[in-house]
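Listing of final-v1.csv; format and content: CSV, C-alpha atoms.
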```
chain,number,residue,atom,x,y,z
L,1,MET,CA,248.1,246.9,56.3
L,2,SER,CA,245.8,247.6,59.2
L,3,SER,CA,246.3,245.6,62.3
L,4,GLN,CA,243.4,244.6,64.6
L,5,ARG,CA,244.1,244.0,68.2
L,6,GLN,CA,243.0,240.6,69.4
L,7,PRO,CA,241.0,240.4,72.6
L,8,PRO,CA,243.1,239.1,75.5
L,9,ARG,CA,242.7,235.4,76.2
L,10,PRO,CA,240.8,234.6,79.3
L,11,VAL,CA,242.9,233.5,82.2
L,12,SER,CA,242.0,230.0,83.3
L,13,HIS,CA,241.8,229.6,87.0
L,14,SER,CA,241.9,225.9,88.1
L,15,SER,CA,239.2,225.2,90.6
L,16,PRO,CA,240.4,223.7,93.9
L,17,VAL,CA,240.1,219.9,94.2
L,18,SER,CA,237.1,218.9,96.1
L,19,LEU,CA,237.4,216.9,99.3
L,20,ALA,CA,235.8,213.9,97.7
L,21,ARG,CA,238.4,214.0,95.0
L,22,ARG,CA,241.2,214.2,97.5
L,23,ILE,CA,239.8,211.2,99.4
L,24,ILE,CA,239.6,209.2,96.2
L,25,LEU,CA,243.2,210.0,95.3
L,26,GLN,CA,244.4,209.1,98.8
L,27,SER,CA,242.4,205.8,98.8
L,28,ARG,CA,243.9,204.8,95.5
L,29,TYR,CA,247.4,205.5,96.8
L,30,GLU,CA,246.7,203.5,100.0
L,31,THR,CA,245.3,200.6,98.0
L,32,VAL,CA,248.3,200.4,95.6
L,33,THR,CA,250.7,200.6,98.5
L,34,MET,CA,248.9,197.8,100.4
L,35,LEU,CA,248.9,195.5,97.4
L,36,ARG,CA,252.6,196.0,96.6
L,37,ASN,CA,253.6,195.2,100.2
L,38,GLY,CA,254.4,191.5,100.5
L,39,GLU,CA,254.0,191.5,104.3
L,40,GLN,CA,250.6,193.0,103.9
L,41,LEU,CA,249.5,190.3,101.4
L,42,ILE,CA,250.7,187.6,103.8
L,43,LEU,CA,248.6,189.1,106.6
L,44,ALA,CA,245.7,189.7,104.3
L,45,VAL,CA,245.5,186.5,102.3
L,46,VAL,CA,248.0,183.8,103.3
L,47,LEU,CA,247.3,183.7,107.0
L,48,PRO,CA,243.5,183.6,106.7
L,49,LEU,CA,243.8,180.9,104.1
L,50,LEU,CA,245.9,178.8,106.4
L,51,GLY,CA,243.4,179.5,109.2
L,52,LEU,CA,240.6,178.3,107.0
L,53,ILE,CA,242.3,175.1,106.1
L,54,ALA,CA,243.3,174.4,109.7
L,55,LEU,CA,239.7,174.8,110.9
L,56,VAL,CA,238.5,172.4,108.2
L,57,VAL,CA,241.1,169.6,108.9
L,58,THR,CA,240.9,169.8,112.7
L,59,PRO,CA,237.9,169.0,115.1
L,60,LEU,CA,237.8,172.5,116.7
L,61,LEU,CA,234.4,173.2,115.1
L,62,ASP,CA,232.8,169.8,115.5
L,63,ASP,CA,229.4,169.3,117.4
L,64,LEU,CA,228.1,172.8,116.5
L,65,GLY,CA,225.3,171.7,114.2
L,66,HIS,CA,227.0,172.7,110.9
L,67,SER,CA,229.8,171.4,108.8
L,68,ARG,CA,233.3,172.7,109.7
L,69,ILE,CA,233.6,174.7,106.5
L,70,ASN,CA,230.2,176.4,106.9
L,71,ILE,CA,231.2,177.6,110.4
L,72,ALA,CA,234.8,178.4,109.5
L,73,ALA,CA,234.1,180.5,106.4
L,74,PRO,CA,232.2,183.4,108.0
L,75,GLY,CA,234.8,183.7,110.8
L,76,ILE,CA,237.7,183.7,108.4
L,77,LEU,CA,236.0,186.4,106.3
L,78,ALA,CA,235.6,188.5,109.4
L,79,LEU,CA,239.3,187.8,110.2
L,80,CYS,CA,240.2,189.2,106.8
L,81,ALA,CA,238.5,192.5,107.6
L,82,MET,CA,240.4,192.7,110.9
L,83,SER,CA,243.7,191.7,109.4
L,84,THR,CA,243.7,194.4,106.7
L,85,ALA,CA,241.8,197.1,108.6
L,86,PHE,CA,243.4,196.8,112.0
L,87,THR,CA,246.8,195.3,111.9
L,88,GLY,CA,247.7,196.2,108.3
L,89,GLN,CA,246.6,199.8,108.4
L,90,GLY,CA,247.7,200.3,112.0
L,91,ILE,CA,251.3,199.3,111.3
L,92,ALA,CA,251.5,201.1,107.9
L,93,THR,CA,250.1,204.3,109.4
L,94,GLY,CA,252.4,204.0,112.5
L,95,PHE,CA,255.5,203.9,110.3
L,96,ASP,CA,254.1,206.6,108.0
L,97,ARG,CA,254.2,208.8,111.1
L,98,ARG,CA,257.8,207.8,111.8
L,99,TYR,CA,259.1,208.6,108.3
L,100,GLY,CA,257.3,211.9,108.1
L,101,VAL,CA,254.6,210.9,105.5
L,102,LEU,CA,251.8,212.0,107.8
L,103,ARG,CA,253.6,215.2,108.6
L,104,PHE,CA,253.6,216.0,104.9
L,105,LEU,CA,249.9,215.1,104.6
L,106,SER,CA,249.1,217.4,107.5
L,107,THR,CA,250.1,220.3,105.3
L,108,THR,CA,247.5,219.4,102.7
L,109,PRO,CA,243.8,220.1,102.7
L,110,LEU,CA,243.1,216.4,103.1
L,111,GLY,CA,242.6,216.7,106.9
L,112,ARG,CA,242.3,214.0,109.5
L,113,GLY,CA,238.8,213.0,108.4
L,114,GLY,CA,239.9,212.8,104.8
L,115,LEU,CA,242.9,210.6,105.8
L,116,ILE,CA,240.7,208.2,107.8
L,117,ALA,CA,238.1,208.1,105.0
L,118,GLY,CA,240.8,207.3,102.4
L,119,LYS,CA,242.2,204.5,104.5
L,120,VAL,CA,238.7,203.0,105.0
L,121,ILE,CA,238.1,203.0,101.3
L,122,ALA,CA,241.5,201.4,100.6
L,123,VAL,CA,240.7,198.7,103.2
L,124,LEU,CA,237.4,198.0,101.5
L,125,ALA,CA,239.1,197.7,98.1
L,126,VAL,CA,241.6,195.1,99.5
L,127,LEU,CA,238.8,193.4,101.4
L,128,VAL,CA,237.0,192.7,98.1
L,129,ILE,CA,240.0,190.8,96.9
L,130,GLN,CA,240.3,188.9,100.1
L,131,VAL,CA,236.6,187.9,100.0
L,132,VAL,CA,236.9,186.7,96.4
L,133,VAL,CA,240.0,184.6,97.2
L,134,ILE,CA,238.7,183.2,100.5
L,135,GLY,CA,235.3,182.6,99.0
L,136,VAL,CA,236.6,180.6,96.0
L,137,VAL,CA,238.8,178.4,98.3
L,138,ALA,CA,236.0,177.9,100.7
L,139,LEU,CA,233.7,176.8,97.9
L,140,LEU,CA,236.3,174.3,96.7
L,141,LEU,CA,236.4,173.0,100.3
L,142,GLY,CA,232.6,172.4,100.3
L,143,TRP,CA,231.2,175.7,101.6
L,144,GLN,CA,227.5,176.1,101.0
L,145,PRO,CA,226.5,179.7,101.7
L,146,ASN,CA,222.9,180.8,101.5
L,147,PHE,CA,222.0,183.8,99.3
L,148,PRO,CA,220.3,185.9,102.1
L,149,GLY,CA,223.4,185.3,104.3
L,150,ILE,CA,225.7,186.7,101.6
L,151,LEU,CA,223.6,189.8,101.2
L,152,LEU,CA,223.7,190.4,105.0
L,153,GLY,CA,227.4,189.6,105.2
L,154,ILE,CA,228.4,192.4,102.8
L,155,PRO,CA,227.3,195.4,105.0
L,156,LEU,CA,228.6,193.6,108.1
L,157,LEU,CA,232.1,193.3,106.6
L,158,ILE,CA,232.0,197.0,105.7
L,159,LEU,CA,230.9,197.9,109.2
L,160,GLY,CA,233.7,195.6,110.7
L,161,ALA,CA,236.3,197.2,108.4
L,162,LEU,CA,235.2,200.7,109.6
L,163,SER,CA,235.4,199.7,113.2
L,164,PHE,CA,238.8,198.0,112.9
L,165,THR,CA,240.3,200.8,110.7
L,166,SER,CA,239.3,203.4,113.3
L,167,LEU,CA,240.8,201.3,116.1
L,168,GLY,CA,244.0,200.8,114.1
L,169,LEU,CA,244.4,204.5,113.3
L,170,LEU,CA,243.7,205.4,116.9
L,171,ILE,CA,246.6,203.2,118.1
L,172,ALA,CA,248.9,204.3,115.2
L,173,GLY,CA,248.1,207.9,115.7
L,174,THR,CA,248.8,208.0,119.4
L,175,ALA,CA,251.5,205.4,120.1
L,176,ARG,CA,255.1,205.1,118.9
L,177,PRO,CA,255.6,203.1,115.7
L,178,GLU,CA,257.4,200.3,117.6
L,179,ALA,CA,254.6,200.2,120.2
L,180,THR,CA,252.0,200.2,117.4
L,181,LEU,CA,253.7,197.2,115.7
L,182,ALA,CA,253.8,195.2,119.0
L,183,LEU,CA,250.3,196.2,120.1
L,184,THR,CA,248.5,195.6,116.9
L,185,ASN,CA,250.2,192.2,116.4
L,186,LEU,CA,249.4,191.2,119.9
L,187,LEU,CA,245.8,192.2,119.7
L,188,TRP,CA,245.5,190.4,116.3
L,189,ILE,CA,246.6,187.2,118.0
L,190,LEU,CA,244.3,187.7,121.0
L,191,PHE,CA,241.3,188.7,118.9
L,192,GLY,CA,241.9,185.9,116.5
L,193,ALA,CA,242.5,183.1,119.0
L,194,LEU,CA,240.3,184.2,122.0
L,195,GLY,CA,238.2,187.1,120.7
L,196,GLY,CA,235.4,185.2,119.2
L,197,ILE,CA,236.1,186.2,115.6
L,198,VAL,CA,237.1,182.8,114.2
L,199,LEU,CA,235.8,180.5,116.9
L,200,PRO,CA,232.3,180.9,118.4
L,201,PRO,CA,232.1,182.2,121.9
L,202,ASN,CA,231.2,178.8,123.4
L,203,ARG,CA,234.7,177.7,122.3
L,204,SER,CA,236.3,180.4,124.4
L,205,PRO,CA,237.7,179.4,127.8
L,206,GLY,CA,236.1,180.4,131.1
L,207,LEU,CA,234.8,183.9,131.4
L,208,MET,CA,236.0,184.8,127.9
L,209,ALA,CA,232.8,183.2,126.6
L,210,ASP,CA,230.8,186.1,128.2
L,211,ILE,CA,233.3,188.8,127.4
L,212,VAL,CA,234.0,188.2,123.7
L,213,GLN,CA,230.5,189.3,122.6
L,214,TYR,CA,231.3,192.8,123.7
L,215,LEU,CA,234.6,192.9,121.7
L,216,PRO,CA,234.6,194.2,118.1
L,217,SER,CA,236.1,190.8,117.1
L,218,GLY,CA,233.4,188.8,118.8
L,219,ALA,CA,230.7,191.0,117.6
L,220,LEU,CA,231.8,190.8,114.0
L,221,GLY,CA,232.3,187.0,114.1
L,222,GLU,CA,228.9,186.4,115.7
L,223,ALA,CA,227.2,188.8,113.2
L,224,MET,CA,228.8,187.0,110.3
L,225,ARG,CA,227.9,183.5,111.6
L,226,SER,CA,224.3,184.5,112.3
L,227,ALA,CA,224.0,185.9,108.8
L,228,MET,CA,225.6,183.1,106.9
L,229,LEU,CA,224.5,180.1,109.0
L,230,GLN,CA,220.9,181.1,109.8
L,231,GLY,CA,220.4,184.0,107.4
L,232,SER,CA,219.5,186.2,110.4
L,233,PHE,CA,220.4,189.7,111.5
L,234,ASN,CA,222.2,189.7,114.9
L,235,ILE,CA,221.0,193.1,116.3
L,236,PHE,CA,223.0,192.9,119.5
L,237,ALA,CA,226.3,192.2,117.6
L,238,VAL,CA,225.6,194.9,115.1
L,239,LEU,CA,225.0,197.5,117.9
L,240,VAL,CA,228.2,196.5,119.6
L,241,LEU,CA,230.1,197.0,116.3
L,242,LEU,CA,228.4,200.4,115.7
L,243,VAL,CA,229.4,201.6,119.2
L,244,TRP,CA,233.0,200.5,118.6
L,245,ALA,CA,233.0,202.2,115.1
L,246,VAL,CA,231.6,205.5,116.4
L,247,VAL,CA,233.8,205.7,119.5
L,248,ALA,CA,237.0,204.7,117.8
L,249,SER,CA,236.3,207.1,114.8
L,250,VAL,CA,235.7,210.1,117.1
L,251,ALA,CA,238.7,209.3,119.2
L,252,ALA,CA,241.0,208.8,116.2
L,253,VAL,CA,239.9,212.1,114.7
L,254,LYS,CA,240.4,213.9,118.0
L,255,TRP,CA,243.7,212.5,119.2
L,256,PHE,CA,245.4,211.5,116.0
L,257,LYS,CA,249.0,212.9,115.9
L,258,TRP,CA,250.6,213.6,112.6
L,259,SER,CA,254.1,213.4,113.9
```
Will you turn the file into structure tokens for me?
Amino acid sequence: MSSQRQPPRPVSHSSPVSLARRIILQSRYETVTMLRNGEQLILAVVLPLLGLIALVVTPLLDDLGHSRINIAAPGILALCAMSTAFTGQGIATGFDRRYGVLRFLSTTPLGRGGLIAGKVIAVLAVLVIQVVVIGVVALLLGWQPNFPGILLGIPLLILGALSFTSLGLLIAGTARPEATLALTNLLWILFGALGGIVLPPNRSPGLMADIVQYLPSGALGEAMRSAMLQGSFNIFAVLVLLVWAVVASVAAVKWFKWS
């Protein structure tokens, strides 16, 4: 019996995973981690819901030319973006540094830019859930959004999430985890109560009424209220948000520490 040699099988070389694929995998991991964290869900959903109800049942938003719920809903949606992007991601990233998770990621091809991109996508995924929950409750409370305002509000929330994620990562990547925890919680309270994100600037005390429009919180709150109350595009507020997003992103990429 004659034997015939078979040609050698071609050796398969797995192609390296693209940066886009790495970012998608990282964002999926970040999203699942956030949704499984009870504290994150309280910060992302429960507290904004309580804030929405409080603004509807108290006279804080009276005499502003619109119903309480119509003024409250855009600010609370902006608060959702800040809660998840700034406080939630900042604290989570700070403790990832402490426990060596970021040191491990530093050995992968993901890179700082890929890490930030993955976290931003995860924030946007959670933000979609927040918007749906808050929107449904607001509608039950009598919210009457206009369609052009909703279309304008979507990119504004994305821009706000980018700005606050970059700020949160800048703090988490440069400060100690304990300091990150204290600072992000403190700023969340200050931004939420006095920073113009929930209450319009004319409800801020003294000089704060003039300052809040230059803060990322005030800019996002004003942009959302302009969009959803008047259906208008607040150019000044959007420019302020863009400046914060660019500066914080560049600073986070430059000074972020993996350990």
Length of the CA of Glu222 in chain L to CA of Ala209 in chain L vector [Å]: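 Result for CA of Glu222 in chain L versus CA of Ala209 in chain L: 12.0 Å, one decimal.
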For each of L:Leu194, L:Ile42, L:Leu159, L:Met228, take the minimum atom-to-atom distance to Leu215 in chain L, counting only C-alpha atoms, then give the residue where this is smallest. L:Leu194
Select, from L:Leu35, L:Leu77, L:Leu49, L:Val120, the residue with the minimum atom-to-atom distance to Leu169 in chain L, counting only C-alpha atoms.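 Using only C-alpha atoms, Leu169 in chain L sits closest to L:Val120.
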Exercise: Pro74 in chain L partners within 8 Å, all atoms listed in the file, chain neighbours under 4 positions left out, as a list in words: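 In the requested form, the answer reads Asn70, Ala78, Val198, Gly221, Met224, Arg225 and Met228 of chain L.
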Restrict the selected residues to C-alpha atoms and save them as a compact mmCIF listing (two decimals), in the frame of the given file.
```
# COMPACT_ATOMS: atom_id res chain seq x y z
CA ASN L 70 230.20 176.40 106.90
CA ALA L 78 235.60 188.50 109.40
CA VAL L 198 237.10 182.80 114.20
CA GLY L 221 232.30 187.00 114.10
CA MET L 224 228.80 187.00 110.30
CA ARG L 225 227.90 183.50 111.60
CA MET L 228 225.60 183.10 106.90
```
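Proximity to Phe233 in chain L was assessed for L:Val212, L:Ile69, L:Glu178, L:Gly153 counting only C-alpha atoms; the smallest distance is recorded for L:Gly153.
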Interatomic distance between CA of Phe95 in chain L and CA of Gly173 in chain L?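 Taking CA of Phe95 in chain L and CA of Gly173 in chain L, their separation equals 10.0 Å.
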What residues have an atom no more than 10 Å from (221.5, 187.0, 107.2) in the file's own frame, counting all atoms listed in the file, and can you write them as a list in words?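 Within 10 Å of (221.5, 187.0, 107.2), the protein and nucleic acid residues are Asn146, Phe147, Pro148, Gly149, Ile150, Leu151, Leu152, Gly153, Ile154, Leu156, Ala223, Met224, Arg225, Ser226, Ala227, Met228, Leu229, Gln230, Gly231, Ser232, Phe233 and Asn234 of chain L.
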Please produce an output containing C-alpha atoms for each residue in the selection, written as a CSV table (one decimal), in the coordinates of the input.
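Saved to part-v1.csv:
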```csv
chain,number,residue,atom,x,y,z
L,146,ASN,CA,222.9,180.8,101.5
L,147,PHE,CA,222.0,183.8,99.3
L,148,PRO,CA,220.3,185.9,102.1
L,149,GLY,CA,223.4,185.3,104.3
L,150,ILE,CA,225.7,186.7,101.6
L,151,LEU,CA,223.6,189.8,101.2
L,152,LEU,CA,223.7,190.4,105.0
L,153,GLY,CA,227.4,189.6,105.2
L,154,ILE,CA,228.4,192.4,102.8
L,156,LEU,CA,228.6,193.6,108.1
L,223,ALA,CA,227.2,188.8,113.2
L,224,MET,CA,228.8,187.0,110.3
L,225,ARG,CA,227.9,183.5,111.6
L,226,SER,CA,224.3,184.5,112.3
L,227,ALA,CA,224.0,185.9,108.8
L,228,MET,CA,225.6,183.1,106.9
L,229,LEU,CA,224.5,180.1,109.0
L,230,GLN,CA,220.9,181.1,109.8
L,231,GLY,CA,220.4,184.0,107.4
L,232,SER,CA,219.5,186.2,110.4
L,233,PHE,CA,220.4,189.7,111.5
L,234,ASN,CA,222.2,189.7,114.9
```
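Taking CA of Ser67 in chain L and CA of Val46 in chain L as endpoints, the distance between them is 22.7 Å.
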Nearest to Arg28 in chain L, chosen from L:Tyr214, L:Val240, L:Ala125, L:Leu167, with all atoms listed in the file counted in the distances: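 Closest candidate: L:Ala125.
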The residue from L:Ser166, L:Thr107, L:Ser83, L:Thr31 with the smallest atom-to-atom distance to Ala248 in chain L, counting only C-alpha atoms, is L:Ser166
Excluding Ala161 in chain L and residues on its chain fewer than 3 positions from it, collect all residues at most 10 Å away from it, counting all atoms listed in the file, and give them as a list in words. Ala78, Cys80, Ala81, Met82, Ser83, Thr84, Ala85, Phe86, Val120, Ile121, Val123, Leu124, Leu127, Pro155, Leu156, Leu157, Ile158, Phe164, Thr165, Ser166, Leu167, Leu220 and Ala245 of chain L
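Nearest residue to Val247 in chain L among L:Leu170, L:Val131, L:Ala73, L:Ala175 is L:Leu170, counting all atoms listed in the file.
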Neighbours of point (252.8, 209.7, 116.2) within 12 Å, using only C-alpha atoms, written as a ChimeraX atom specification: /L:90-91,93-103,169-180,252,255-259
Exercise: Met208 in chain L partners within 9 Å, all atoms listed in the file, chain neighbours under 6 positions left out, as a ChimeraX atom specification: /L:194-196,201-202
Close residues, Arg22 in chain L itself excluded, 9 Å, all atoms listed in the file, min 6 positions apart in chain, as a PyMOL selection string: chain L and resi 109-110+114+118
